[in-house]
>>> print(open('model_6.txt').read())   # compact mmCIF, C-alpha atoms
# COMPACT_ATOMS: atom_id res chain seq x y z
CA MET K 1 81.26 146.48 145.51
CA ARG K 2 77.94 144.79 146.08
CA ILE K 3 76.50 146.66 143.11
CA ALA K 4 79.47 145.51 141.01
CA ILE K 5 78.93 141.89 142.06
CA ILE K 6 75.20 142.13 141.31
CA GLY K 7 75.97 143.69 137.93
CA ILE K 8 78.30 140.84 136.98
CA MET K 9 75.82 138.26 138.31
CA LEU K 10 72.94 139.68 136.28
CA GLY K 11 75.11 140.18 133.20
CA LEU K 12 76.45 136.62 133.17
CA GLY K 13 73.07 135.13 134.10
CA VAL K 14 71.36 136.99 131.25
CA MET K 15 74.10 135.97 128.79
CA ILE K 16 73.85 132.29 129.75
CA LEU K 17 70.05 132.31 129.52
CA SER K 18 70.00 134.29 126.28
CA LEU K 19 72.40 131.94 124.52
CA ALA K 20 70.52 128.90 125.86
CA VAL K 21 67.16 130.29 124.71
CA ILE K 22 68.41 131.26 121.24
CA LYS K 23 70.14 127.91 120.69
CA GLY K 24 67.13 126.04 122.04
CA PHE K 25 64.80 128.08 119.84
CA LYS K 26 66.88 127.47 116.72
CA GLN K 27 67.14 123.75 117.46
CA GLU K 28 63.40 123.35 118.10
CA ILE K 29 62.40 125.14 114.88
CA ARG K 30 65.05 123.29 112.89
CA GLU K 31 63.93 119.90 114.24
CA LYS K 32 60.29 120.70 113.51
CA VAL K 33 61.03 121.38 109.83
CA ARG K 34 63.51 118.48 109.56
CA GLY K 35 61.08 116.13 111.26
CA PHE K 36 58.50 116.73 108.56
CA ALA K 37 60.47 117.47 105.38
CA GLY K 38 63.73 115.62 106.01
CA ASP K 39 67.15 117.15 105.43
CA ILE K 40 67.54 116.61 101.68
CA GLN K 41 64.92 116.00 99.00
CA ILE K 42 65.76 114.30 95.71
CA VAL K 43 63.41 114.79 92.75
CA LYS K 44 63.47 114.48 88.98
CA LEU K 45 65.60 117.06 87.16
CA ASP K 46 63.15 119.15 85.12
CA ASN K 47 61.53 122.58 85.12
CA ASN K 48 58.64 121.49 87.32
CA ALA K 49 58.41 123.98 90.21
CA SER K 50 54.93 122.95 91.42
CA TYR K 51 54.01 120.91 94.47
CA GLU K 52 53.24 117.92 92.22
CA LYS K 53 56.67 116.63 91.22
CA SER K 54 57.32 114.56 88.11
CA SER K 55 57.63 110.84 88.72
CA PHE K 56 60.60 108.54 88.23
CA VAL K 57 61.23 104.88 88.92
CA ASP K 58 62.32 103.93 92.43
CA SER K 59 65.75 102.36 91.98
CA ALA K 60 67.40 100.13 94.57
CA ASP K 61 70.78 101.00 93.08
CA VAL K 62 70.19 104.75 93.51
CA VAL K 63 69.08 104.22 97.12
CA LYS K 64 72.17 102.10 97.76
CA ASP K 65 74.42 104.81 96.32
CA ILE K 66 72.76 107.46 98.50
CA LYS K 67 73.11 105.32 101.63
CA SER K 68 76.78 104.73 100.81
CA VAL K 69 77.42 108.34 101.90
CA SER K 70 78.58 107.95 105.49
CA LEU K 71 76.56 110.91 106.84
CA VAL K 72 73.23 109.61 105.46
CA ASP K 73 70.97 108.09 108.09
CA ALA K 74 67.90 106.98 106.09
CA VAL K 75 66.15 107.34 102.71
CA TYR K 76 62.36 107.29 102.24
CA PRO K 77 60.29 107.46 99.02
CA TYR K 78 57.49 110.00 98.91
CA ALA K 79 55.24 111.98 96.57
CA THR K 80 53.11 115.13 96.83
CA LYS K 81 49.85 116.12 95.17
CA PRO K 82 47.74 119.29 95.62
CA GLY K 83 44.09 118.91 96.45
CA ILE K 84 41.05 120.58 97.98
CA ILE K 85 39.39 119.33 101.16
CA LYS K 86 35.66 119.82 101.54
CA ALA K 87 33.97 119.32 104.91
CA ASN K 88 31.18 120.99 106.89
CA ASN K 89 30.43 123.33 103.97
CA GLU K 90 34.02 124.62 104.10
CA ILE K 91 36.88 124.10 101.66
CA GLU K 92 40.64 124.25 102.13
CA GLY K 93 43.49 123.91 99.66
CA VAL K 94 46.22 121.54 100.84
CA VAL K 95 49.06 119.40 99.57
CA LEU K 96 48.88 115.66 100.21
CA LYS K 97 52.24 114.17 101.12
CA GLY K 98 52.25 110.43 100.46
CA VAL K 99 54.59 108.10 102.36
CA ASP K 100 54.97 104.35 102.60
CA LYS K 101 55.27 101.81 105.42
CA ASN K 102 59.01 102.46 105.88
CA TYR K 103 58.50 106.13 106.78
CA ASN K 104 59.94 107.26 110.13
CA TRP K 105 57.00 108.54 112.17
CA ASP K 106 58.98 109.43 115.32
CA TYR K 107 58.73 113.21 115.03
CA VAL K 108 55.14 113.22 113.73
CA LYS K 109 54.14 111.12 116.75
CA LYS K 110 55.62 113.76 119.06
CA ALA K 111 53.54 116.42 117.29
CA LEU K 112 50.26 114.46 117.45
CA VAL K 113 47.43 116.27 119.20
CA SER K 114 44.95 113.41 118.87
CA GLY K 115 44.59 110.08 117.10
CA THR K 116 47.46 108.06 115.70
CA VAL K 117 49.59 107.71 112.58
CA ILE K 118 48.64 105.74 109.46
CA ASN K 119 48.33 102.00 110.05
CA PHE K 120 50.01 100.33 107.07
CA THR K 121 49.19 96.84 108.37
CA ASP K 122 45.51 97.50 107.55
CA THR K 123 45.90 96.97 103.79
CA THR K 124 42.19 97.40 103.10
CA GLU K 125 41.87 100.86 104.68
CA VAL K 126 45.39 102.31 104.49
CA GLN K 127 44.72 104.36 101.35
CA ASN K 128 41.71 105.99 103.01
CA GLN K 129 43.66 107.17 106.07
CA ILE K 130 44.96 110.71 106.40
CA LEU K 131 46.59 112.98 108.97
CA ILE K 132 45.76 116.68 108.99
CA SER K 133 47.15 119.61 110.98
CA GLN K 134 45.43 121.26 113.91
CA VAL K 135 45.17 124.46 111.83
CA THR K 136 43.29 122.65 109.05
CA ALA K 137 41.13 120.78 111.56
CA ASN K 138 40.11 124.03 113.25
CA ARG K 139 39.27 125.74 109.97
CA LEU K 140 37.16 122.84 108.74
CA LYS K 141 35.74 121.95 112.19
CA LEU K 142 37.09 118.39 112.03
CA LYS K 143 38.41 115.93 114.59
CA ALA K 144 40.12 112.55 114.59
CA GLY K 145 37.75 109.87 113.27
CA ASP K 146 35.80 112.22 110.98
CA ASP K 147 35.45 111.65 107.24
CA LEU K 148 36.17 114.24 104.57
CA LEU K 149 36.12 114.59 100.80
CA MET K 150 39.32 115.51 98.99
CA TYR K 151 39.17 116.70 95.39
CA PHE K 152 42.14 116.45 93.02
CA VAL K 153 42.17 118.78 90.02
CA GLN K 154 43.31 116.67 87.07
CA GLU K 155 41.89 115.22 83.91
CA PRO K 156 39.49 113.67 84.66
CA PRO K 157 38.90 115.30 88.08
CA ARG K 158 38.87 112.82 90.95
CA LYS K 159 37.71 112.81 94.54
CA ARG K 160 38.32 110.48 97.45
CA LYS K 161 36.56 109.99 100.75
CA LEU K 162 39.21 109.86 103.46
CA ARG K 163 39.10 109.25 107.21
CA ILE K 164 41.14 111.36 109.65
CA VAL K 165 43.22 109.00 111.82
CA GLY K 166 45.32 111.70 113.48
CA ILE K 167 45.77 115.44 113.95
CA PHE K 168 49.25 116.92 114.30
CA ASN K 169 50.42 120.35 115.40
CA LEU K 170 53.94 121.05 114.19
CA GLY K 171 53.73 124.75 115.01
CA VAL K 172 55.30 125.86 111.70
CA ASP K 173 52.81 127.72 109.50
CA GLU K 174 54.63 126.75 106.28
CA VAL K 175 53.80 123.11 107.10
CA ASP K 176 50.59 123.27 109.15
CA LYS K 177 48.72 125.47 106.67
CA THR K 178 49.84 123.50 103.63
CA PHE K 179 50.36 119.78 104.15
CA VAL K 180 48.37 116.71 105.07
CA ILE K 181 49.87 113.21 105.20
CA GLY K 182 48.51 110.12 103.47
CA ASP K 183 49.47 106.90 101.73
CA LEU K 184 51.94 107.02 98.84
CA ALA K 185 49.91 104.33 97.06
CA LEU K 186 46.90 106.69 96.90
CA ILE K 187 48.91 109.26 94.92
CA LYS K 188 50.20 106.53 92.63
CA ARG K 189 46.65 105.45 91.85
CA LEU K 190 45.41 108.99 91.31
CA ASN K 191 48.27 109.73 88.90
CA ASP K 192 48.05 106.35 87.17
CA TRP K 193 51.74 105.83 87.75
CA LYS K 194 53.41 102.61 86.71
CA ASN K 195 54.57 100.11 89.30
CA GLY K 196 57.60 101.42 91.19
CA GLU K 197 57.22 105.09 90.29
CA ILE K 198 57.58 107.71 93.05
CA GLY K 199 57.76 111.49 93.34
CA GLY K 200 61.09 111.70 95.15
CA TYR K 201 63.35 110.60 97.99
CA GLU K 202 63.49 112.17 101.43
CA VAL K 203 66.94 111.85 102.99
CA ARG K 204 67.72 112.20 106.68
CA THR K 205 71.28 112.93 107.75
CA LYS K 206 73.22 112.07 110.90
CA GLN K 207 74.71 115.54 111.43
CA PHE K 208 72.75 118.61 110.40
CA ASP K 209 75.76 120.90 110.75
CA LYS K 210 77.35 118.96 107.87
CA LEU K 211 74.27 119.20 105.67
CA ASN K 212 75.96 120.92 102.72
CA ILE K 213 78.84 118.44 102.76
CA THR K 214 76.34 115.56 102.73
CA ALA K 215 74.30 117.17 99.93
CA ASN K 216 77.41 117.59 97.77
CA ALA K 217 78.43 113.98 98.38
CA ILE K 218 74.93 112.79 97.40
CA ASP K 219 74.99 114.93 94.23
CA ASP K 220 78.12 113.09 93.14
CA LYS K 221 76.26 109.78 93.47
CA LEU K 222 73.01 110.75 91.71
CA PRO K 223 72.27 109.93 88.06
CA ILE K 224 72.00 112.93 85.75
CA LYS K 225 68.19 112.76 85.66
CA LEU K 226 67.85 113.51 89.41
CA LYS K 227 68.62 116.61 91.48
CA SER K 228 68.79 117.30 95.20
CA SER K 229 67.86 120.27 97.40
CA THR K 230 68.39 120.82 101.10
CA VAL K 231 65.82 121.86 103.68
CA LEU K 232 67.66 125.20 103.86
CA GLU K 233 66.81 125.79 100.20
CA ASN K 234 63.24 124.50 100.49
CA TYR K 235 62.41 126.67 103.52
CA PRO K 236 64.70 129.70 103.08
CA THR K 237 62.48 132.17 104.97
CA ILE K 238 62.56 130.15 108.19
CA PHE K 239 66.31 129.51 108.19
CA GLU K 240 67.23 133.06 107.16
CA TRP K 241 65.15 134.29 110.07
CA LEU K 242 66.93 131.89 112.43
CA GLY K 243 70.27 133.12 111.12
CA MET K 244 69.30 136.70 111.97
CA LEU K 245 68.97 135.70 115.63
CA ASP K 246 72.77 135.42 115.78
CA VAL K 247 72.98 139.21 115.31
CA ASN K 248 70.75 139.69 118.35
CA THR K 249 73.03 137.36 120.30
CA VAL K 250 76.13 139.42 119.53
CA VAL K 251 74.42 142.70 120.46
CA MET K 252 73.16 141.21 123.73
CA LEU K 253 76.60 139.83 124.69
CA VAL K 254 78.30 143.17 124.00
CA LEU K 255 75.74 145.08 126.08
CA MET K 256 75.89 142.68 129.04
CA ILE K 257 79.71 142.64 129.12
CA ALA K 258 79.69 146.44 128.90
CA VAL K 259 77.40 146.59 131.94
CA ALA K 260 79.69 144.26 133.89
CA VAL K 261 82.82 146.23 132.90
CA ILE K 262 81.32 149.61 133.82
CA ASN K 263 80.27 148.29 137.23
CA MET K 264 83.72 146.86 137.91
CA ILE K 265 85.50 150.05 136.79
CA SER K 266 83.32 152.06 139.19
CA ALA K 267 84.02 149.64 142.04
CA LEU K 268 87.78 149.66 141.39
CA LEU K 269 87.99 153.45 141.25
CA ILE K 270 86.08 153.72 144.53
CA MET K 271 88.41 151.17 146.15
CA ILE K 272 91.48 153.09 144.99
CA LEU K 273 90.12 156.44 146.19
CA GLU K 274 89.11 155.00 149.58
CA ARG K 275 92.62 153.59 150.08
CA THR K 276 94.65 156.56 148.91
CA ALA K 277 96.49 156.76 152.25
CA MET K 278 97.32 153.04 152.16
CA ILE K 279 98.76 153.45 148.67
CA GLY K 280 100.91 156.36 149.89
CA ILE K 281 102.25 154.31 152.82
CA PHE K 282 103.10 151.37 150.52
CA LYS K 283 104.96 153.71 148.16
CA ALA K 284 106.80 155.33 151.07
CA MET K 285 107.93 151.84 152.13
CA GLY K 286 109.31 151.22 148.62
CA ALA K 287 106.49 149.36 146.89
CA GLY K 288 106.34 149.85 143.10
CA ASN K 289 103.28 150.90 141.15
CA TRP K 290 102.74 147.46 139.58
CA ILE K 291 102.87 145.70 142.95
CA ILE K 292 100.15 148.00 144.29
CA GLN K 293 98.13 147.66 141.06
CA LYS K 294 98.18 143.88 141.44
CA ILE K 295 96.72 144.18 144.95
CA PHE K 296 93.67 145.96 143.56
CA LEU K 297 93.47 143.69 140.51
CA TYR K 298 93.54 140.60 142.76
CA ASN K 299 90.75 142.08 144.84
CA ALA K 300 88.80 142.90 141.65
CA ALA K 301 89.33 139.33 140.42
CA TYR K 302 87.86 138.06 143.69
CA LEU K 303 84.79 140.26 143.25
CA ILE K 304 84.44 139.15 139.61
CA GLY K 305 84.72 135.52 140.71
CA VAL K 306 81.92 135.95 143.25
CA GLY K 307 79.79 137.63 140.58
CA LEU K 308 80.50 134.81 138.11
CA LEU K 309 79.57 132.16 140.67
CA LEU K 310 76.27 133.85 141.46
CA GLY K 311 75.66 134.47 137.75
CA ASN K 312 76.09 130.78 136.96
CA ILE K 313 73.71 129.84 139.76
CA LEU K 314 71.14 132.33 138.43
CA GLY K 315 71.45 131.49 134.72
CA LEU K 316 71.79 127.72 135.00
CA GLY K 317 69.21 127.51 137.78
CA LEU K 318 66.52 129.31 135.80
CA GLY K 319 67.49 127.38 132.67
CA PHE K 320 67.16 123.96 134.27
CA PHE K 321 63.91 125.03 135.92
CA GLN K 322 62.48 125.99 132.51
CA GLN K 323 63.80 122.80 130.88
CA HIS K 324 61.94 120.60 133.34
CA THR K 325 58.74 122.59 133.87
CA HIS K 326 58.20 124.68 130.67
CA TYR K 327 56.88 127.31 133.09
CA PHE K 328 57.45 130.31 130.80
CA LYS K 329 55.04 130.13 127.85
CA LEU K 330 55.03 131.59 124.34
CA ASP K 331 52.36 132.43 121.78
CA GLN K 332 52.72 129.65 119.21
CA ALA K 333 51.23 131.80 116.45
CA SER K 334 54.18 134.17 116.76
CA TYR K 335 57.02 131.93 117.97
CA TYR K 336 56.21 128.47 116.49
CA MET K 337 56.12 126.87 119.94
CA THR K 338 54.19 127.04 123.19
CA PHE K 339 57.10 127.41 125.65
CA VAL K 340 60.52 129.02 125.93
CA PRO K 341 63.03 126.38 124.76
CA ILE K 342 66.38 125.92 126.50
CA LYS K 343 69.54 124.27 125.17
CA PHE K 344 72.73 124.47 127.20
CA VAL K 345 76.05 124.10 125.40
CA TRP K 346 78.63 123.69 128.13
CA MET K 347 81.43 125.09 126.00
CA ASP K 348 79.39 128.30 125.63
CA VAL K 349 78.96 128.53 129.42
CA PHE K 350 82.69 127.97 129.93
CA LEU K 351 83.69 130.55 127.32
CA LEU K 352 81.25 133.11 128.73
CA ASN K 353 82.81 132.75 132.18
CA ILE K 354 86.39 132.92 130.92
CA GLY K 355 85.59 135.74 128.49
CA THR K 356 83.87 137.86 131.13
CA LEU K 357 86.75 137.34 133.58
CA VAL K 358 89.46 138.15 131.02
CA VAL K 359 87.69 141.18 129.52
CA CYS K 360 86.93 142.68 132.92
CA LEU K 361 90.50 142.23 134.20
CA MET K 362 92.07 143.59 131.02
CA VAL K 363 89.84 146.66 131.05
CA LEU K 364 90.51 147.20 134.77
CA ILE K 365 94.24 147.58 134.13
CA ILE K 366 93.57 151.08 132.78
CA PRO K 367 91.73 152.51 135.85
CA SER K 368 94.22 150.72 138.14
CA MET K 369 96.91 152.97 136.63
CA LEU K 370 95.43 155.73 138.77
CA VAL K 371 97.77 154.29 141.41
CA THR K 372 100.75 155.70 139.49
CA ARG K 373 99.35 159.24 139.86
CA ILE K 374 99.33 159.08 143.64
CA THR K 375 102.45 160.40 145.39
CA PRO K 376 103.41 159.27 148.93
CA VAL K 377 103.63 162.78 150.40
CA LYS K 378 100.18 163.90 149.21
CA ALA K 379 98.56 160.61 150.09
CA ILE K 380 99.88 160.55 153.67
CA ARG K 381 99.03 164.25 154.08
CA PHE K 382 95.52 163.45 152.78
CA LYS K 383 95.15 160.98 155.61
>>> encode(input="model_6.txt", output="structure tokens")
Amino acid sequence: MRIAIIGIMLGLGVMILSLAVIKGFKQEIREKVRGFAGDIQIVKLDNNASYEKSSFVDSADVVKDIKSVSLVDAVYPYATKPGIIKANNEIEGVVLKGVDKNYNWDYVKKALVSGTVINFTDTTEVQNQILISQVTANRLKLKAGDDLLMYFVQEPPRKRKLRIVGIFNLGVDEVDKTFVIGDLALIKRLNDWKNGEIGGYEVRTKQFDKLNITANAIDDKLPIKLKSSTVLENYPTIFEWLGMLDVNTVVMLVLMIAVAVINMISALLIMILERTAMIGIFKAMGAGNWIIQKIFLYNAAYLIGVGLLLGNILGLGLGFFQQHTHYFKLDQASYYMTFVPIKFVWMDVFLLNIGTLVVCLMVLIIPSMLVTRITPVKAIRFK
């Protein structure tokens, strides 16, 4: 019985922790990508598939129509332009993402390793400020405060001397190895755009789980010359990989419940065999099979309850410990983050407890039917 209780405790504890880790992992990766790229990007409708999107005029009416969608949180103009950074006799190809003073820096600030974000109040130096990733900084041996030369391949070719004001570490290779962040006005000047032209809009939504609904609602508002794409479409590899984690979750849950069930079946069979004489006496006194079965099922439910209680203490205890200390670390190069993330969804915890209890009891009905095979005469004689 102790082994059965320990089996249920470990099974439930592992299930709670596994779900919390997977959900925390998916949320952390999702927020990293969303924090940099937004949820929906709106660009000009053409055949341009490069990093340097075609320009169009920033329209207050279009922005108003987008914001009229109830699930839209904010809209920011932006533009991108490929370039080559040269520093310390090294070169690196990157894409400059230009933003303006209204850009939401909250997530980038969380990812800052050193320095600060672009200071748009310094109108004389703002176009010379740039943020680069830790990956790029390490490759080019740069640090916050250093200057670098960035070359833009166009006709005629142009170069700009820029100063690094901050270094960020998002932990997502698709971003860290590709993008740097600068002033939108710099890209406008390099491309000789007219006043008011931008490369696109970055839209942030209030509820990510309703992203496709929001994207469809925005599409209905956009003029025919613009098109939208979600972060799921822009970074398919990352989100397809995250979706595959759900398969691992199902396999893990099935295996852990199987372990708990097998332990409880073994415990119940042992209890029945040890109390064969008691069963015979009850039957001799007129007790029916179902009445005796319920005695053993009630006892099994008690053991399952103890196992569930200990399992919750184990799973939730370790989870909260990790949430507050980040004690268990990860290799960021492989897992996109430096620690094991935890996200508890209380409905998941509740359903795991109820599901484990119900599945175990339902499965135990079958071995409890061994009671019906025991006859009073043989059982009492066995005693």
>>> residues_around(input="model_6.txt", residues="region 204-208 of chain K", least_positions_apart="5", cutoff="6 Å", atoms="all atoms listed in the file", output="list of chain:residue names")
K:Gly38, K:Asp39, K:Leu71, K:Val72, K:Asp73, K:Ala74
>>> residues_around(input="model_6.txt", residues="Asn169 (chain K)", least_positions_apart="5", cutoff="9 Å", atoms="all atoms listed in the file", output="PyMOL selection string")
chain K and resi 108+111-113+132-135+176
>>> write_last_selection(input="model_6.txt", atoms="C-alpha atoms", output="PDB file, keeping the file's coordinate frame")
ATOM      1  CA  VAL K 108      55.140 113.220 113.730  1.00  0.00           C
ATOM      2  CA  ALA K 111      53.540 116.420 117.290  1.00  0.00           C
ATOM      3  CA  LEU K 112      50.260 114.460 117.450  1.00  0.00           C
ATOM      4  CA  VAL K 113      47.430 116.270 119.200  1.00  0.00           C
ATOM      5  CA  ILE K 132      45.760 116.680 108.990  1.00  0.00           C
ATOM      6  CA  SER K 133      47.150 119.610 110.980  1.00  0.00           C
ATOM      7  CA  GLN K 134      45.430 121.260 113.910  1.00  0.00           C
ATOM      8  CA  VAL K 135      45.170 124.460 111.830  1.00  0.00           C
ATOM      9  CA  ASP K 176      50.590 123.270 109.150  1.00  0.00           C
TER      10      ASP K 176
END
>>> residues_around(input="model_6.txt", residues="Gly319 (chain K)", least_positions_apart="3", cutoff="10 Å", atoms="all atoms listed in the file", output="ChimeraX atom specification")
/K:13,16-18,20-21,313-316,322-324,326,340-344
>>> residues_near_point(input="model_6.txt", point="(38.9, 122.8, 100.7)", cutoff="12 Å", atoms="all atoms listed in the file", output="compact mmCIF listing (two decimals) with C-alpha atoms, in the coordinates of the input")
# COMPACT_ATOMS: atom_id res chain seq x y z
CA PRO K 82 47.74 119.29 95.62
CA GLY K 83 44.09 118.91 96.45
CA ILE K 84 41.05 120.58 97.98
CA ILE K 85 39.39 119.33 101.16
CA LYS K 86 35.66 119.82 101.54
CA ALA K 87 33.97 119.32 104.91
CA ASN K 88 31.18 120.99 106.89
CA ASN K 89 30.43 123.33 103.97
CA GLU K 90 34.02 124.62 104.10
CA ILE K 91 36.88 124.10 101.66
CA GLU K 92 40.64 124.25 102.13
CA GLY K 93 43.49 123.91 99.66
CA VAL K 94 46.22 121.54 100.84
CA VAL K 95 49.06 119.40 99.57
CA THR K 136 43.29 122.65 109.05
CA ALA K 137 41.13 120.78 111.56
CA ARG K 139 39.27 125.74 109.97
CA LEU K 140 37.16 122.84 108.74
CA LYS K 141 35.74 121.95 112.19
CA LEU K 148 36.17 114.24 104.57
CA LEU K 149 36.12 114.59 100.80
CA MET K 150 39.32 115.51 98.99
CA TYR K 151 39.17 116.70 95.39
CA PHE K 152 42.14 116.45 93.02
CA VAL K 153 42.17 118.78 90.02
CA LYS K 159 37.71 112.81 94.54
CA LYS K 177 48.72 125.47 106.67
CA THR K 178 49.84 123.50 103.63
>>> atom_distance(input="model_6.txt", atom1="CA of Val358 (chain K)", atom2="CA of Thr276 (chain K)")
26.2 Å
>>> residues_around(input="model_6.txt", residues="Val57 (chain K)", least_positions_apart="3", cutoff="9 Å", atoms="all atoms listed in the file", output="PDB file with C-alpha atoms, in the coordinates of the input")
ATOM      1  CA  LYS K 194      53.410 102.610  86.710  1.00  0.00           C
ATOM      2  CA  ASN K 195      54.570 100.110  89.300  1.00  0.00           C
ATOM      3  CA  GLY K 196      57.600 101.420  91.190  1.00  0.00           C
ATOM      4  CA  GLU K 197      57.220 105.090  90.290  1.00  0.00           C
ATOM      5  CA  ILE K 198      57.580 107.710  93.050  1.00  0.00           C
ATOM      6  CA  GLY K 199      57.760 111.490  93.340  1.00  0.00           C
TER       7      GLY K 199
END
>>> closest_residue(input="model_6.txt", among="K:Ile187, K:Val43, K:Leu19, K:Ile66", to="Asp100 (chain K)", atoms="all atoms listed in the file")
K:Ile187
>>> closest_residue(input="model_6.txt", among="K:Ile22, K:Ile213, K:Asn353, K:Ile281", to="Leu310 (chain K)", atoms="only C-alpha atoms")
K:Asn353
